[in-house]
Amino acid sequence: MSDTPPQTPDYDTMTRDIAEVPAVEVIVTVAVNLMSAAAVKLGLTEEGDEHKDLDEARKLVHALAGLLDASATEISSFHAAPLRDGLKSLQLAFREASVVPDEPGQGPGEKYTGPVYG
């Protein structure tokens, strides 16, 4: 066991670091984190069904769709297009994983994207 006390975060450094990050980068990073978490909850990772939880996946996909909808005019199509493609893939994977699929337009995030078809 170490006798050194745990390090406390240097909030001044953290604030300075986040201040240097462009908003687009923060938005894209959050979107990618939501996509990754949704993929895990949909069972799309190597572990498969071990972490599958469709209720949690629904929330994450819905949050991702809301973020992309709200930030559409703030980020360029260079950033938005692949994120929208990823969102659509997650929405389709959700529909496929559901025992009783939602009606078109009622799936996660479709409030923001409109109905998603394969």
# chains A, B, ... in the order shown; residues from 1 in each chain; ligands from 1

call {"tool": "residues_around", "arguments": {"residues": "stretch 57-74 of chain A", "least_positions_apart": "3", "cutoff": "10 Å", "atoms": "only C-alpha atoms", "output": "PyMOL selection string"}}
result
chain A and resi 23-24+27-28+30-43+52-54+77+79-81+83-84+86-88+90-91+94+107-113

call {"tool": "select_by_dssp", "arguments": {"residues": "chain A", "states": "helix (DSSP H, G or I)", "output": "MDAnalysis selection string"}}
result
chainID A and resid 11:19 23:41 48:51 54:71 77:97 110:113

call {"tool": "atom_distance", "arguments": {"atom1": "atom CA of A:Tyr117", "atom2": "atom CA of A:Pro82"}}
result
17.4 Å

call {"tool": "atom_distance", "arguments": {"atom1": "atom CA of A:Glu47", "atom2": "atom CA of A:Gly118"}}
result
24.9 Å

call {"tool": "closest_residue", "arguments": {"among": "A:Val21, A:Ala97, A:Ile75, A:Pro9", "to": "A:Asp49", "atoms": "only C-alpha atoms"}}
result
A:Ala97

call {"tool": "atom_distance", "arguments": {"atom1": "atom CA of A:Pro115", "atom2": "atom CA of A:Glu50"}}
result
29.0 Å

call {"tool": "closest_residue", "arguments": {"among": "A:Ala19, A:Glu46, A:Thr29, A:Val116", "to": "A:Leu92", "atoms": "only C-alpha atoms"}}
result
A:Val116

call {"tool": "decode", "arguments": {"residues": "stretch 5-33 of chain A", "atoms": "N, CA and C atoms", "output": "PDB file, in the first residue's frame"}}
result
ATOM      1  N   PRO A   5      -0.958  10.430  -0.367  1.00  0.00           N
ATOM      2  CA  PRO A   5      -2.400  10.722  -0.427  1.00  0.00           C
ATOM      3  C   PRO A   5      -2.863  10.753  -1.878  1.00  0.00           C
ATOM      4  N   PRO A   6      -4.130  10.460  -2.102  1.00  0.00           N
ATOM      5  CA  PRO A   6      -4.649  10.498  -3.471  1.00  0.00           C
ATOM      6  C   PRO A   6      -4.530  11.914  -4.036  1.00  0.00           C
ATOM      7  N   GLN A   7      -4.260  11.993  -5.330  1.00  0.00           N
ATOM      8  CA  GLN A   7      -4.136  13.286  -5.992  1.00  0.00           C
ATOM      9  C   GLN A   7      -5.521  13.932  -6.127  1.00  0.00           C
ATOM     10  N   THR A   8      -5.571  15.215  -5.812  1.00  0.00           N
ATOM     11  CA  THR A   8      -6.812  15.946  -6.035  1.00  0.00           C
ATOM     12  C   THR A   8      -6.738  16.588  -7.413  1.00  0.00           C
ATOM     13  N   PRO A   9      -7.860  16.681  -8.077  1.00  0.00           N
ATOM     14  CA  PRO A   9      -7.838  17.260  -9.415  1.00  0.00           C
ATOM     15  C   PRO A   9      -7.402  18.726  -9.376  1.00  0.00           C
ATOM     16  N   ASP A  10      -6.659  19.133 -10.355  1.00  0.00           N
ATOM     17  CA  ASP A  10      -6.244  20.516 -10.498  1.00  0.00           C
ATOM     18  C   ASP A  10      -7.311  21.215 -11.339  1.00  0.00           C
ATOM     19  N   TYR A  11      -8.286  21.827 -10.677  1.00  0.00           N
ATOM     20  CA  TYR A  11      -9.425  22.408 -11.378  1.00  0.00           C
ATOM     21  C   TYR A  11      -9.032  23.572 -12.275  1.00  0.00           C
ATOM     22  N   ASP A  12      -8.017  24.326 -11.895  1.00  0.00           N
ATOM     23  CA  ASP A  12      -7.566  25.423 -12.754  1.00  0.00           C
ATOM     24  C   ASP A  12      -7.050  24.878 -14.086  1.00  0.00           C
ATOM     25  N   THR A  13      -6.269  23.806 -14.030  1.00  0.00           N
ATOM     26  CA  THR A  13      -5.745  23.200 -15.251  1.00  0.00           C
ATOM     27  C   THR A  13      -6.877  22.599 -16.073  1.00  0.00           C
ATOM     28  N   MET A  14      -7.812  21.926 -15.399  1.00  0.00           N
ATOM     29  CA  MET A  14      -8.942  21.331 -16.106  1.00  0.00           C
ATOM     30  C   MET A  14      -9.774  22.417 -16.800  1.00  0.00           C
ATOM     31  N   THR A  15     -10.012  23.526 -16.130  1.00  0.00           N
ATOM     32  CA  THR A  15     -10.783  24.621 -16.712  1.00  0.00           C
ATOM     33  C   THR A  15     -10.054  25.208 -17.911  1.00  0.00           C
ATOM     34  N   ARG A  16      -8.768  25.405 -17.772  1.00  0.00           N
ATOM     35  CA  ARG A  16      -7.971  25.950 -18.867  1.00  0.00           C
ATOM     36  C   ARG A  16      -7.993  24.983 -20.060  1.00  0.00           C
ATOM     37  N   ASP A  17      -7.862  23.690 -19.800  1.00  0.00           N
ATOM     38  CA  ASP A  17      -7.871  22.697 -20.875  1.00  0.00           C
ATOM     39  C   ASP A  17      -9.201  22.699 -21.622  1.00  0.00           C
ATOM     40  N   ILE A  18     -10.316  22.713 -20.901  1.00  0.00           N
ATOM     41  CA  ILE A  18     -11.625  22.673 -21.555  1.00  0.00           C
ATOM     42  C   ILE A  18     -11.902  23.977 -22.279  1.00  0.00           C
ATOM     43  N   ALA A  19     -11.346  25.072 -21.794  1.00  0.00           N
ATOM     44  CA  ALA A  19     -11.540  26.364 -22.450  1.00  0.00           C
ATOM     45  C   ALA A  19     -10.881  26.398 -23.823  1.00  0.00           C
ATOM     46  N   GLU A  20      -9.883  25.576 -24.032  1.00  0.00           N
ATOM     47  CA  GLU A  20      -9.154  25.557 -25.301  1.00  0.00           C
ATOM     48  C   GLU A  20      -9.795  24.631 -26.339  1.00  0.00           C
ATOM     49  N   VAL A  21     -10.808  23.873 -25.934  1.00  0.00           N
ATOM     50  CA  VAL A  21     -11.445  22.920 -26.845  1.00  0.00           C
ATOM     51  C   VAL A  21     -12.602  23.601 -27.563  1.00  0.00           C
ATOM     52  N   PRO A  22     -12.607  23.572 -28.897  1.00  0.00           N
ATOM     53  CA  PRO A  22     -13.723  24.164 -29.648  1.00  0.00           C
ATOM     54  C   PRO A  22     -15.038  23.437 -29.350  1.00  0.00           C
ATOM     55  N   ALA A  23     -16.131  24.178 -29.377  1.00  0.00           N
ATOM     56  CA  ALA A  23     -17.457  23.622 -29.075  1.00  0.00           C
ATOM     57  C   ALA A  23     -17.784  22.436 -29.984  1.00  0.00           C
ATOM     58  N   VAL A  24     -17.433  22.525 -31.254  1.00  0.00           N
ATOM     59  CA  VAL A  24     -17.721  21.423 -32.184  1.00  0.00           C
ATOM     60  C   VAL A  24     -17.057  20.141 -31.707  1.00  0.00           C
ATOM     61  N   GLU A  25     -15.843  20.251 -31.216  1.00  0.00           N
ATOM     62  CA  GLU A  25     -15.137  19.070 -30.738  1.00  0.00           C
ATOM     63  C   GLU A  25     -15.814  18.480 -29.511  1.00  0.00           C
ATOM     64  N   VAL A  26     -16.304  19.324 -28.617  1.00  0.00           N
ATOM     65  CA  VAL A  26     -17.017  18.843 -27.431  1.00  0.00           C
ATOM     66  C   VAL A  26     -18.295  18.120 -27.863  1.00  0.00           C
ATOM     67  N   ILE A  27     -19.055  18.721 -28.777  1.00  0.00           N
ATOM     68  CA  ILE A  27     -20.305  18.116 -29.251  1.00  0.00           C
ATOM     69  C   ILE A  27     -20.039  16.761 -29.902  1.00  0.00           C
ATOM     70  N   VAL A  28     -19.037  16.710 -30.779  1.00  0.00           N
ATOM     71  CA  VAL A  28     -18.725  15.460 -31.471  1.00  0.00           C
ATOM     72  C   VAL A  28     -18.268  14.395 -30.473  1.00  0.00           C
ATOM     73  N   THR A  29     -17.459  14.790 -29.491  1.00  0.00           N
ATOM     74  CA  THR A  29     -16.978  13.836 -28.481  1.00  0.00           C
ATOM     75  C   THR A  29     -18.142  13.264 -27.674  1.00  0.00           C
ATOM     76  N   VAL A  30     -19.057  14.118 -27.275  1.00  0.00           N
ATOM     77  CA  VAL A  30     -20.229  13.649 -26.527  1.00  0.00           C
ATOM     78  C   VAL A  30     -21.061  12.713 -27.400  1.00  0.00           C
ATOM     79  N   ALA A  31     -21.249  13.069 -28.664  1.00  0.00           N
ATOM     80  CA  ALA A  31     -22.029  12.230 -29.571  1.00  0.00           C
ATOM     81  C   ALA A  31     -21.385  10.858 -29.740  1.00  0.00           C
ATOM     82  N   VAL A  32     -20.071  10.826 -29.907  1.00  0.00           N
ATOM     83  CA  VAL A  32     -19.370   9.544 -30.070  1.00  0.00           C
ATOM     84  C   VAL A  32     -19.483   8.711 -28.798  1.00  0.00           C
ATOM     85  N   ASN A  33     -19.399   9.354 -27.644  1.00  0.00           N
ATOM     86  CA  ASN A  33     -19.563   8.618 -26.382  1.00  0.00           C
ATOM     87  C   ASN A  33     -20.973   8.042 -26.262  1.00  0.00           C
TER      88      ASN A  33
END
